[in-house]
>>> print(open('model.cif').read())   # mmCIF, C-alpha atoms
data_entry
#
loop_
_atom_site.label_atom_id
_atom_site.label_comp_id
_atom_site.auth_asym_id
_atom_site.auth_seq_id
_atom_site.Cartn_x
_atom_site.Cartn_y
_atom_site.Cartn_z
CA MET N 1 118.50 -169.01 229.93
CA SER N 2 118.16 -167.52 226.45
CA ILE N 3 119.33 -164.23 225.02
CA ILE N 4 116.26 -162.62 223.47
CA LEU N 5 115.93 -159.64 221.14
CA PHE N 6 112.79 -157.62 220.48
CA TYR N 7 113.20 -155.96 217.08
CA THR N 8 110.62 -153.44 215.89
CA SER N 9 109.79 -150.07 214.37
CA ILE N 10 107.55 -148.24 216.83
CA ARG N 11 107.18 -144.68 218.12
CA THR N 12 104.49 -145.30 220.73
CA ARG N 13 104.14 -147.49 223.81
CA VAL N 14 103.67 -151.21 223.20
CA LYS N 15 102.12 -152.58 226.36
CA ASP N 16 102.07 -156.20 225.25
CA GLN N 17 105.79 -156.18 224.44
CA GLU N 18 106.56 -154.26 227.63
CA SER N 19 104.75 -156.93 229.62
CA LEU N 20 106.39 -159.81 227.78
CA MET N 21 109.95 -158.53 227.99
CA ALA N 22 109.58 -157.88 231.73
CA GLU N 23 108.27 -161.43 232.19
CA PHE N 24 111.23 -162.82 230.24
CA VAL N 25 113.61 -160.95 232.55
CA LYS N 26 111.83 -162.44 235.57
CA SER N 27 112.47 -165.87 234.02
CA ARG N 28 116.21 -165.03 233.95
CA HIS N 29 116.46 -164.50 230.20
CA ARG N 30 118.71 -161.68 229.02
CA VAL N 31 116.64 -159.29 226.93
CA PHE N 32 117.51 -156.62 224.35
CA PHE N 33 115.16 -154.19 222.60
CA LEU N 34 116.27 -152.77 219.24
CA ASN N 35 114.09 -150.11 217.61
CA GLN N 36 114.30 -148.65 214.11
CA GLN N 37 112.53 -145.52 215.38
CA ILE N 38 113.24 -142.91 218.03
CA ASN N 39 110.79 -143.63 220.84
CA PRO N 40 110.19 -141.26 223.79
CA TYR N 41 108.68 -143.93 226.04
CA LEU N 42 110.56 -147.20 225.67
CA PRO N 43 114.14 -146.35 226.79
CA ASP N 44 113.08 -145.59 230.38
CA LEU N 45 110.54 -148.42 230.46
CA CYS N 46 113.17 -150.91 229.29
CA LYS N 47 115.73 -149.64 231.78
CA SER N 48 113.32 -150.07 234.69
CA ALA N 49 112.56 -153.64 233.51
CA GLY N 50 116.23 -154.60 233.20
CA VAL N 51 116.17 -154.62 229.40
CA THR N 52 118.98 -153.18 227.26
CA TYR N 53 117.48 -150.69 224.80
CA GLU N 54 119.09 -149.36 221.60
CA THR N 55 117.95 -147.34 218.60
CA VAL N 56 119.25 -148.04 215.10
CA THR N 57 120.88 -144.81 213.96
CA ILE N 58 120.91 -144.30 210.21
CA ARG N 59 121.64 -141.25 208.10
CA PRO N 60 118.64 -140.06 206.07
CA THR N 61 118.63 -141.37 202.52
CA ARG N 62 116.05 -141.32 199.77
CA PHE N 63 117.24 -144.71 198.49
CA THR N 64 115.14 -147.51 199.97
CA SER N 65 117.64 -150.15 198.90
CA LEU N 66 120.43 -148.47 200.90
CA ARG N 67 118.23 -148.36 204.01
CA ILE N 68 117.40 -152.04 203.67
CA ILE N 69 121.08 -152.97 203.29
CA TYR N 70 122.01 -150.86 206.30
CA TYR N 71 119.30 -152.38 208.52
CA TRP N 72 120.16 -155.88 207.29
CA PHE N 73 123.86 -155.51 208.08
CA HIS N 74 123.21 -153.79 211.42
CA LEU N 75 120.83 -156.53 212.62
CA ILE N 76 123.26 -159.30 211.64
CA GLN N 77 126.05 -157.60 213.58
CA PHE N 78 123.82 -156.96 216.59
CA ILE N 79 122.71 -160.60 216.77
CA ARG N 80 126.26 -161.91 216.41
CA ASN N 81 127.87 -159.44 218.82
CA ASN N 82 125.30 -160.14 221.55
CA LYS N 83 125.01 -163.89 220.86
CA VAL N 84 121.23 -163.59 220.50
CA ASP N 85 119.30 -166.88 220.56
CA VAL N 86 115.80 -165.71 219.60
CA VAL N 87 114.54 -162.62 217.78
CA TYR N 88 110.91 -161.53 218.09
CA SER N 89 110.30 -159.13 215.22
CA HIS N 90 107.26 -156.84 215.29
CA LEU N 91 105.68 -154.66 212.54
CA GLU N 92 106.24 -154.83 208.80
CA PRO N 93 109.37 -152.63 208.38
CA ALA N 94 111.21 -154.74 210.95
CA ASN N 95 109.74 -158.06 209.81
CA PHE N 96 111.09 -157.74 206.29
CA ILE N 97 114.61 -157.07 207.55
CA ALA N 98 114.35 -159.93 210.05
CA VAL N 99 113.44 -162.55 207.43
CA LEU N 100 116.32 -161.43 205.21
CA VAL N 101 118.68 -161.79 208.15
CA GLN N 102 117.59 -165.30 209.16
CA TYR N 103 119.87 -166.96 206.57
CA PHE N 104 123.00 -165.31 208.00
CA VAL N 105 122.61 -165.90 211.76
CA LYS N 106 122.15 -168.83 214.11
CA ALA N 107 119.38 -167.08 216.07
CA ARG N 108 115.80 -168.25 215.63
CA ILE N 109 113.80 -165.50 213.92
CA VAL N 110 110.13 -165.27 214.92
CA VAL N 111 107.94 -162.80 213.02
CA VAL N 112 104.97 -161.41 214.98
CA ARG N 113 101.96 -160.27 212.97
CA HIS N 114 99.66 -157.82 214.76
CA HIS N 115 97.14 -157.13 212.00
CA LEU N 116 94.59 -159.34 210.30
CA ASP N 117 93.46 -157.90 206.94
CA LEU N 118 94.85 -154.37 207.10
CA ALA N 119 97.34 -155.00 204.29
CA GLU N 120 94.52 -155.91 201.91
CA LEU N 121 92.34 -153.01 203.04
CA ILE N 122 95.09 -150.43 202.60
CA GLY N 123 96.45 -152.04 199.47
CA PHE N 124 100.02 -153.03 200.33
CA ASP N 125 99.32 -156.77 200.33
CA GLU N 126 100.84 -157.05 196.85
CA ASP N 127 104.08 -155.29 197.84
CA LEU N 128 107.06 -157.58 197.34
CA SER N 129 108.51 -156.92 200.80
CA TYR N 130 105.19 -157.76 202.47
CA ARG N 131 104.70 -160.99 200.54
CA LEU N 132 108.29 -162.11 201.07
CA SER N 133 108.10 -161.45 204.82
CA TYR N 134 105.51 -164.16 205.37
CA ARG N 135 106.57 -166.48 202.56
CA LEU N 136 110.15 -166.63 203.82
CA ALA N 137 109.47 -166.52 207.56
CA LYS N 138 110.15 -169.82 209.30
CA ASP N 139 108.09 -169.02 212.41
CA ILE N 140 105.13 -166.63 212.59
CA ILE N 141 103.09 -165.63 215.62
CA THR N 142 99.60 -164.23 215.11
CA VAL N 143 97.87 -162.51 218.02
CA SER N 144 94.46 -163.91 217.13
CA ALA N 145 93.06 -167.16 215.75
CA ALA N 146 91.23 -165.13 213.10
CA ALA N 147 94.52 -163.76 211.77
CA ARG N 148 95.95 -167.27 211.57
CA ARG N 149 92.92 -168.48 209.58
CA TYR N 150 93.14 -165.45 207.30
CA MET N 151 96.82 -166.12 206.53
CA ILE N 152 96.15 -169.78 205.74
CA GLU N 153 92.98 -169.32 203.71
CA ARG N 154 93.55 -165.97 201.97
CA GLU N 155 97.32 -165.59 201.80
CA LYS N 156 98.09 -169.31 201.41
CA ILE N 157 100.81 -169.33 204.07
CA LYS N 158 101.76 -172.78 205.39
CA ALA N 159 99.75 -173.56 208.50
CA LEU N 160 102.51 -175.44 210.32
CA LYS N 161 104.71 -172.38 210.71
CA ILE N 162 101.94 -170.12 212.07
CA HIS N 163 101.44 -170.09 215.85
CA HIS N 164 98.52 -168.31 217.51
CA ILE N 165 99.45 -166.76 220.85
CA ASN N 166 97.20 -164.19 222.52
CA LEU N 167 98.64 -160.83 223.43
CA GLY N 168 99.60 -160.92 227.08
CA TYR N 169 99.60 -158.07 229.56
CA ASP N 170 100.78 -157.19 232.99
CA PHE N 171 97.61 -155.21 233.49
CA SER N 172 99.34 -152.73 235.79
CA VAL N 173 100.93 -151.16 232.66
CA PHE N 174 97.52 -149.74 231.75
CA GLY N 175 97.65 -147.48 234.79
CA THR N 176 94.76 -146.52 237.02
CA PRO N 177 92.20 -143.74 236.66
CA THR N 178 92.77 -140.51 238.54
CA PRO N 179 89.87 -140.23 241.04
CA GLU N 180 89.68 -136.45 240.77
CA LYS N 181 89.50 -136.56 236.97
CA VAL N 182 86.83 -139.27 237.00
CA THR N 183 84.72 -137.31 239.48
CA GLN N 184 85.14 -134.12 237.45
CA ILE N 185 83.89 -135.78 234.25
CA ARG N 186 80.99 -137.52 235.93
CA ASN N 187 79.86 -134.34 237.66
CA LYS N 188 80.13 -132.28 234.48
CA PHE N 189 78.07 -134.75 232.42
CA SER N 190 75.92 -136.19 235.19
CA GLU N 191 72.75 -135.97 233.11
CA SER N 192 74.29 -137.34 229.91
CA ILE N 193 75.07 -140.76 228.49
CA ILE N 194 78.85 -140.58 228.30
CA LEU N 195 80.28 -142.29 225.22
CA ILE N 196 83.93 -142.83 224.36
CA SER N 197 85.67 -143.99 221.18
CA VAL N 198 89.42 -144.61 221.05
CA GLY N 199 91.52 -145.21 217.95
CA ARG N 200 92.97 -143.71 214.80
CA LEU N 201 90.72 -141.29 212.97
CA ASP N 202 90.69 -143.25 209.71
CA SER N 203 88.35 -145.11 207.41
CA PHE N 204 88.86 -148.48 209.10
CA LYS N 205 88.33 -147.41 212.72
CA ARG N 206 85.23 -145.46 211.55
CA PRO N 207 84.94 -142.85 214.34
CA GLU N 208 82.21 -141.12 212.33
CA GLN N 209 79.93 -144.00 213.35
CA SER N 210 80.38 -143.04 216.99
CA ILE N 211 79.46 -139.46 216.10
CA GLU N 212 76.30 -140.73 214.44
CA VAL N 213 75.39 -142.67 217.60
CA CYS N 214 75.74 -139.50 219.67
CA SER N 215 73.61 -137.53 217.18
CA MET N 216 70.86 -140.16 217.02
CA LEU N 217 70.61 -140.38 220.81
CA ILE N 218 70.15 -136.62 221.02
CA GLU N 219 67.54 -136.74 218.26
CA LYS N 220 65.64 -139.30 220.32
CA GLY N 221 65.57 -136.97 223.30
CA HIS N 222 68.55 -138.27 225.29
CA LYS N 223 71.43 -136.17 226.51
CA ALA N 224 74.72 -137.56 225.25
CA HIS N 225 78.39 -136.63 225.18
CA LEU N 226 81.16 -138.30 223.17
CA PHE N 227 84.89 -138.31 223.83
CA LEU N 228 86.95 -139.09 220.71
CA LEU N 229 90.52 -140.08 221.54
CA GLY N 230 93.02 -140.43 218.72
CA SER N 231 94.33 -138.68 215.64
CA GLY N 232 94.57 -139.48 211.96
CA GLU N 233 94.10 -138.44 208.37
CA ASN N 234 90.31 -138.04 208.64
CA GLU N 235 90.42 -135.49 211.44
CA SER N 236 89.38 -132.50 209.30
CA THR N 237 86.50 -134.48 207.76
CA ILE N 238 85.33 -135.52 211.23
CA LYS N 239 85.42 -131.92 212.48
CA THR N 240 83.30 -130.91 209.49
CA ARG N 241 80.77 -133.66 210.24
CA ILE N 242 80.54 -132.61 213.88
CA SER N 243 79.80 -129.06 212.75
CA GLU N 244 77.20 -130.20 210.21
CA LEU N 245 75.33 -132.10 212.92
CA GLY N 246 75.58 -129.20 215.36
CA LEU N 247 77.43 -131.34 217.91
CA GLN N 248 80.21 -128.93 218.83
CA ASN N 249 79.06 -129.00 222.48
CA HIS N 250 78.52 -132.76 222.51
CA VAL N 251 81.67 -134.20 220.91
CA GLU N 252 85.23 -133.58 222.13
CA LEU N 253 88.26 -134.48 220.01
CA LEU N 254 90.99 -135.04 222.58
CA GLY N 255 93.76 -136.47 220.41
CA TYR N 256 96.29 -138.57 222.31
CA VAL N 257 95.96 -138.61 226.11
CA ASP N 258 98.52 -140.00 228.56
CA ASN N 259 96.02 -141.89 230.70
CA VAL N 260 93.06 -143.22 228.74
CA MET N 261 91.71 -144.79 231.94
CA ASP N 262 90.78 -141.29 233.13
CA TYR N 263 88.16 -141.20 230.34
CA LEU N 264 87.18 -144.86 230.23
CA LYS N 265 86.28 -145.11 233.92
CA PRO N 266 83.63 -142.34 234.01
CA SER N 267 82.09 -143.31 230.65
CA ASP N 268 78.93 -145.36 230.13
CA TRP N 269 79.92 -147.08 226.87
CA LEU N 270 82.98 -147.73 224.75
CA LEU N 271 81.90 -147.49 221.11
CA HIS N 272 84.24 -149.45 218.85
CA PRO N 273 82.93 -149.44 215.25
CA SER N 274 86.28 -150.57 213.78
CA ILE N 275 86.18 -153.09 210.92
CA SER N 276 89.91 -153.90 211.00
CA GLU N 277 91.38 -155.52 214.10
CA SER N 278 93.40 -158.54 215.05
CA SER N 279 93.34 -158.25 218.85
CA CYS N 280 92.13 -154.85 220.04
CA VAL N 281 93.94 -153.21 222.96
CA VAL N 282 91.35 -150.59 223.89
CA VAL N 283 88.70 -153.26 224.55
CA LYS N 284 91.09 -154.75 227.12
CA GLU N 285 91.52 -151.30 228.67
CA ALA N 286 87.76 -150.84 228.81
CA ALA N 287 87.45 -154.22 230.49
CA LEU N 288 89.77 -153.15 233.30
CA ALA N 289 87.48 -150.18 233.86
CA GLU N 290 84.48 -152.58 233.77
CA LEU N 291 83.12 -150.44 230.94
CA PRO N 292 80.60 -152.13 228.61
CA VAL N 293 81.67 -152.31 224.97
CA ILE N 294 79.74 -152.11 221.71
CA ALA N 295 81.76 -153.61 218.85
CA CYS N 296 81.21 -155.27 215.47
CA LYS N 297 80.51 -158.95 214.94
CA GLY N 298 83.06 -160.88 212.92
CA VAL N 299 85.97 -158.48 213.46
CA GLY N 300 89.34 -159.68 214.74
CA ASP N 301 89.14 -161.93 217.79
CA PHE N 302 85.96 -160.36 219.23
CA ASP N 303 83.85 -163.44 218.55
CA ASP N 304 86.36 -165.54 220.53
CA TYR N 305 85.76 -163.84 223.87
CA LEU N 306 82.96 -161.29 223.52
CA ILE N 307 79.47 -162.66 224.13
CA SER N 308 76.71 -160.31 223.07
CA HIS N 309 74.44 -159.40 225.99
CA GLY N 310 76.72 -161.52 228.18
CA ASN N 311 79.89 -159.45 228.58
CA SER N 312 79.44 -156.95 225.73
CA VAL N 313 77.21 -155.97 222.83
CA LEU N 314 78.06 -157.09 219.29
CA VAL N 315 76.25 -155.46 216.37
CA ASP N 316 76.25 -155.69 212.59
CA ARG N 317 79.08 -153.65 211.08
CA ASP N 318 76.81 -152.30 208.32
CA HIS N 319 74.22 -151.02 210.81
CA PHE N 320 76.49 -150.07 213.69
CA ALA N 321 74.95 -146.72 214.64
CA GLU N 322 71.31 -147.79 214.44
CA GLU N 323 71.82 -151.01 216.40
CA ALA N 324 74.11 -149.35 218.96
CA VAL N 325 71.49 -146.69 219.71
CA LYS N 326 68.80 -149.33 220.27
CA GLU N 327 71.07 -151.23 222.66
CA ILE N 328 72.07 -148.13 224.61
CA ILE N 329 68.45 -147.09 225.08
CA TYR N 330 67.54 -150.62 226.19
CA PHE N 331 70.30 -150.71 228.81
CA GLU N 332 69.42 -147.22 230.05
CA ASN N 333 66.29 -148.94 231.37
CA ASN N 334 68.21 -152.02 232.52
CA LYS N 335 71.29 -150.57 234.20
CA THR N 336 71.88 -153.55 236.47
CA GLU N 337 72.41 -155.73 233.39
CA LYS N 338 74.84 -153.16 231.99
CA VAL N 339 76.91 -153.12 235.18
CA ASP N 340 76.99 -156.91 235.17
CA MET N 341 78.24 -156.92 231.57
CA GLY N 342 81.18 -154.72 232.52
CA ARG N 343 82.13 -156.99 235.41
CA LYS N 344 81.97 -160.12 233.22
CA LEU N 345 84.02 -158.42 230.50
CA LYS N 346 86.82 -157.79 232.98
CA GLU N 347 86.74 -161.42 234.12
CA ILE N 348 87.07 -162.85 230.60
CA VAL N 349 89.79 -160.41 229.51
CA VAL N 350 91.93 -161.06 232.58
CA SER N 351 91.43 -164.81 232.12
CA ASN N 352 92.46 -164.80 228.44
CA PHE N 353 95.12 -162.10 228.26
CA ASP N 354 97.04 -162.09 231.54
CA ILE N 355 100.77 -162.28 230.75
CA ARG N 356 101.23 -165.00 233.40
CA THR N 357 98.85 -167.20 231.41
CA VAL N 358 100.34 -166.39 228.01
CA VAL N 359 104.11 -166.36 228.63
CA SER N 360 104.59 -170.15 228.83
CA GLN N 361 103.50 -170.47 225.18
CA TYR N 362 106.77 -168.79 224.16
CA ASN N 363 108.84 -171.62 225.63
CA GLN N 364 108.58 -173.49 222.32
CA PHE N 365 110.92 -170.92 220.76
CA HIS N 366 113.53 -171.05 223.53
CA SER N 367 115.69 -174.12 223.08
#
>>> encode(input="model.cif", output="structure tokens")
Amino acid sequence: MSIILFYTSIRTRVKDQESLMAEFVKSRHRVFFLNQQINPYLPDLCKSAGVTYETVTIRPTRFTSLRIIYYWFHLIQFIRNNKVDVVYSHLEPANFIAVLVQYFVKARIVVVRHHLDLAELIGFDEDLSYRLSYRLAKDIITVSAAARRYMIEREKIKALKIHHINLGYDFSVFGTPTPEKVTQIRNKFSESIILISVGRLDSFKRPEQSIEVCSMLIEKGHKAHLFLLGSGENESTIKTRISELGLQNHVELLGYVDNVMDYLKPSDWLLHPSISESSCVVVKEAALAELPVIACKGVGDFDDYLISHGNSVLVDRDHFAEEAVKEIIYFENNKTEKVDMGRKLKEIVVSNFDIRTVVSQYNQFHS
């Protein structure tokens, strides 16, 4: 038995970590979860899984150096007081603290990297804290093979310390669709092609491409309706674009919803034009709903398990809208193939990302 700590900075649900920590408890490990942020979801979820949850409380300060020192000291004390054997650190604010702590504790510090190239795209890849996190880390987990290759080839991180382990899920954490809600949506848009796009409204997730798909389908004489789930800095720009295209009655901005399965299950297509992923969660959610996906070639781990016209549709990122429209129209006339794609997508996702398949790969860190 090991004493394991999840250390992170997250305000939302983290279904992969929820699944993993519950699996560790089942294997008789003692598990703690320490969060730098106040989180409305995780305390109850941890309690029900038998995990001890705590939040790092710190007085507000405008001095970054004081915050770093406080987090550093607090994590050292937490690890020592609870005799922690292994720390799994997630997200950049936590990762930097974790690598600074590793020289002062006996616990094995494992840094988990969830993004692929986002640091370069946003422009914080030259930040000292970011560069030190991966230079100093002794063990790194990437959630996709593509992220591992990127770190080795572009960031020149030593290959031997980087371990690729797929995200793992207890798929029950995704919930189930509400039958009444699904029926309501399908009845309301029974004559339309129902599209859904889920993710942050920013320049890398590119929700405007989904709007263009909806507009082009309507221009070609098809009825279409798009659900946009998510929020972000481009929301006002997106609302303006919807108005310019006259799509106020065809595109709904729903923000964050508690049960995304209620909207995935009645939809005809998940549109995912994102150009920055490591291992995308919403594609796994769509798979559980047996919902066909249109995504970009060469992004994240899509090429590892998505087979175009086999279990999904992969298109060129620079021509997403045009190619997506052609594919949707084709499958409107070949609906049996589309249904079969959704079924095969579920099979491959469950095969590759079930927590029971993934969890044994963590044994290498538990001495």
>>> closest_residue(input="model.cif", among="N:Asn259, N:Ser9, N:Ser276, N:Ser144", to="N:Asn95", atoms="only C-alpha atoms")
N:Ser9
>>> residues_near_point(input="model.cif", point="(117.4, -168.9, 217.2)", cutoff="10 Å", atoms="all atoms listed in the file", output="PDB file with C-alpha atoms, in the coordinates of the input")
ATOM      1  CA  SER N   2     118.160-167.520 226.450  1.00  0.00           C
ATOM      2  CA  ILE N   3     119.330-164.230 225.020  1.00  0.00           C
ATOM      3  CA  ILE N   4     116.260-162.620 223.470  1.00  0.00           C
ATOM      4  CA  ILE N  79     122.710-160.600 216.770  1.00  0.00           C
ATOM      5  CA  LYS N  83     125.010-163.890 220.860  1.00  0.00           C
ATOM      6  CA  VAL N  84     121.230-163.590 220.500  1.00  0.00           C
ATOM      7  CA  ASP N  85     119.300-166.880 220.560  1.00  0.00           C
ATOM      8  CA  VAL N  86     115.800-165.710 219.600  1.00  0.00           C
ATOM      9  CA  VAL N  87     114.540-162.620 217.780  1.00  0.00           C
ATOM     10  CA  TYR N  88     110.910-161.530 218.090  1.00  0.00           C
ATOM     11  CA  GLN N 102     117.590-165.300 209.160  1.00  0.00           C
ATOM     12  CA  VAL N 105     122.610-165.900 211.760  1.00  0.00           C
ATOM     13  CA  LYS N 106     122.150-168.830 214.110  1.00  0.00           C
ATOM     14  CA  ALA N 107     119.380-167.080 216.070  1.00  0.00           C
ATOM     15  CA  ARG N 108     115.800-168.250 215.630  1.00  0.00           C
ATOM     16  CA  ILE N 109     113.800-165.500 213.920  1.00  0.00           C
ATOM     17  CA  VAL N 110     110.130-165.270 214.920  1.00  0.00           C
ATOM     18  CA  PHE N 365     110.920-170.920 220.760  1.00  0.00           C
ATOM     19  CA  HIS N 366     113.530-171.050 223.530  1.00  0.00           C
ATOM     20  CA  SER N 367     115.690-174.120 223.080  1.00  0.00           C
TER      21      SER N 367
END
>>> closest_residue(input="model.cif", among="N:Val257, N:Pro292, N:Asp304, N:Pro207", to="N:Lys335", atoms="only C-alpha atoms")
N:Pro292
>>> atom_distance(input="model.cif", atom1="atom CA of N:Met1", atom2="atom CA of N:Phe171")
25.3 Å
>>> residues_around(input="model.cif", residues="N:Thr8", least_positions_apart="4", cutoff="8 Å", atoms="only C-alpha atoms", output="JSON list (two decimals) with C-alpha atoms, keeping the file's coordinate frame")
[["chain", "number", "residue", "atom", "x", "y", "z"],
["N", 34, "LEU", "CA", 116.27, -152.77, 219.24],
["N", 35, "ASN", "CA", 114.09, -150.11, 217.61],
["N", 36, "GLN", "CA", 114.30, -148.65, 214.11],
["N", 89, "SER", "CA", 110.30, -159.13, 215.22],
["N", 90, "HIS", "CA", 107.26, -156.84, 215.29],
["N", 91, "LEU", "CA", 105.68, -154.66, 212.54],
["N", 93, "PRO", "CA", 109.37, -152.63, 208.38],
["N", 94, "ALA", "CA", 111.21, -154.74, 210.95],
["N", 95, "ASN", "CA", 109.74, -158.06, 209.81]]
>>> closest_residue(input="model.cif", among="N:Ala137, N:Leu121, N:Cys296, N:Ala49", to="N:Ala321", atoms="all atoms listed in the file")
N:Cys296
>>> resolve_selection(input="model.cif", expression="the PyMOL selection byres ((chain N and resi 179) around 12)", output="PyMOL selection string")
chain N and resi 176-178+180-186+261-263+265-266
>>> atom_distance(input="model.cif", atom1="atom CA of N:Gln37", atom2="atom CA of N:Thr55")
6.6 Å
>>> closest_residue(input="model.cif", among="N:Phe302, N:Val325, N:Asn166, N:Glu126", to="N:Leu217", atoms="all atoms listed in the file")
N:Val325
>>> closest_residue(input="model.cif", among="N:Tyr130, N:Phe320, N:Tyr71, N:Phe33", to="N:Ile294", atoms="all atoms listed in the file")
N:Phe320
>>> residues_near_point(input="model.cif", point="(92.8, -150.7, 214.6)", cutoff="12 Å", atoms="all atoms listed in the file", output="PyMOL selection string")
chain N and resi 114-118+121+197-207+230+232+272-283+299-300
>>> write_last_selection(input="model.cif", atoms="C-alpha atoms", output="PDB file, in the frame of the given file")
ATOM      1  CA  HIS N 114      99.660-157.820 214.760  1.00  0.00           C
ATOM      2  CA  HIS N 115      97.140-157.130 212.000  1.00  0.00           C
ATOM      3  CA  LEU N 116      94.590-159.340 210.300  1.00  0.00           C
ATOM      4  CA  ASP N 117      93.460-157.900 206.940  1.00  0.00           C
ATOM      5  CA  LEU N 118      94.850-154.370 207.100  1.00  0.00           C
ATOM      6  CA  LEU N 121      92.340-153.010 203.040  1.00  0.00           C
ATOM      7  CA  SER N 197      85.670-143.990 221.180  1.00  0.00           C
ATOM      8  CA  VAL N 198      89.420-144.610 221.050  1.00  0.00           C
ATOM      9  CA  GLY N 199      91.520-145.210 217.950  1.00  0.00           C
ATOM     10  CA  ARG N 200      92.970-143.710 214.800  1.00  0.00           C
ATOM     11  CA  LEU N 201      90.720-141.290 212.970  1.00  0.00           C
ATOM     12  CA  ASP N 202      90.690-143.250 209.710  1.00  0.00           C
ATOM     13  CA  SER N 203      88.350-145.110 207.410  1.00  0.00           C
ATOM     14  CA  PHE N 204      88.860-148.480 209.100  1.00  0.00           C
ATOM     15  CA  LYS N 205      88.330-147.410 212.720  1.00  0.00           C
ATOM     16  CA  ARG N 206      85.230-145.460 211.550  1.00  0.00           C
ATOM     17  CA  PRO N 207      84.940-142.850 214.340  1.00  0.00           C
ATOM     18  CA  GLY N 230      93.020-140.430 218.720  1.00  0.00           C
ATOM     19  CA  GLY N 232      94.570-139.480 211.960  1.00  0.00           C
ATOM     20  CA  HIS N 272      84.240-149.450 218.850  1.00  0.00           C
ATOM     21  CA  PRO N 273      82.930-149.440 215.250  1.00  0.00           C
ATOM     22  CA  SER N 274      86.280-150.570 213.780  1.00  0.00           C
ATOM     23  CA  ILE N 275      86.180-153.090 210.920  1.00  0.00           C
ATOM     24  CA  SER N 276      89.910-153.900 211.000  1.00  0.00           C
ATOM     25  CA  GLU N 277      91.380-155.520 214.100  1.00  0.00           C
ATOM     26  CA  SER N 278      93.400-158.540 215.050  1.00  0.00           C
ATOM     27  CA  SER N 279      93.340-158.250 218.850  1.00  0.00           C
ATOM     28  CA  CYS N 280      92.130-154.850 220.040  1.00  0.00           C
ATOM     29  CA  VAL N 281      93.940-153.210 222.960  1.00  0.00           C
ATOM     30  CA  VAL N 282      91.350-150.590 223.890  1.00  0.00           C
ATOM     31  CA  VAL N 283      88.700-153.260 224.550  1.00  0.00           C
ATOM     32  CA  VAL N 299      85.970-158.480 213.460  1.00  0.00           C
ATOM     33  CA  GLY N 300      89.340-159.680 214.740  1.00  0.00           C
TER      34      GLY N 300
END
>>> resolve_selection(input="model.cif", expression="the PyMOL selection byres ((chain N and resi 212) around 10)", output="list in words")
Pro207, Glu208, Gln209, Ser210, Ile211, Val213, Cys214, Ser215, Met216, Leu217, Ile218, Arg241, Ile242, Leu245, Phe320, Ala321, Glu322, Ala324 and Val325 of chain N
>>> closest_residue(input="model.cif", among="N:Val315, N:Val112, N:Leu132, N:Ala147", to="N:Phe96", atoms="all atoms listed in the file")
N:Leu132
>>> atom_distance(input="model.cif", atom1="atom CA of N:Ile329", atom2="atom CA of N:His250")
17.7 Å
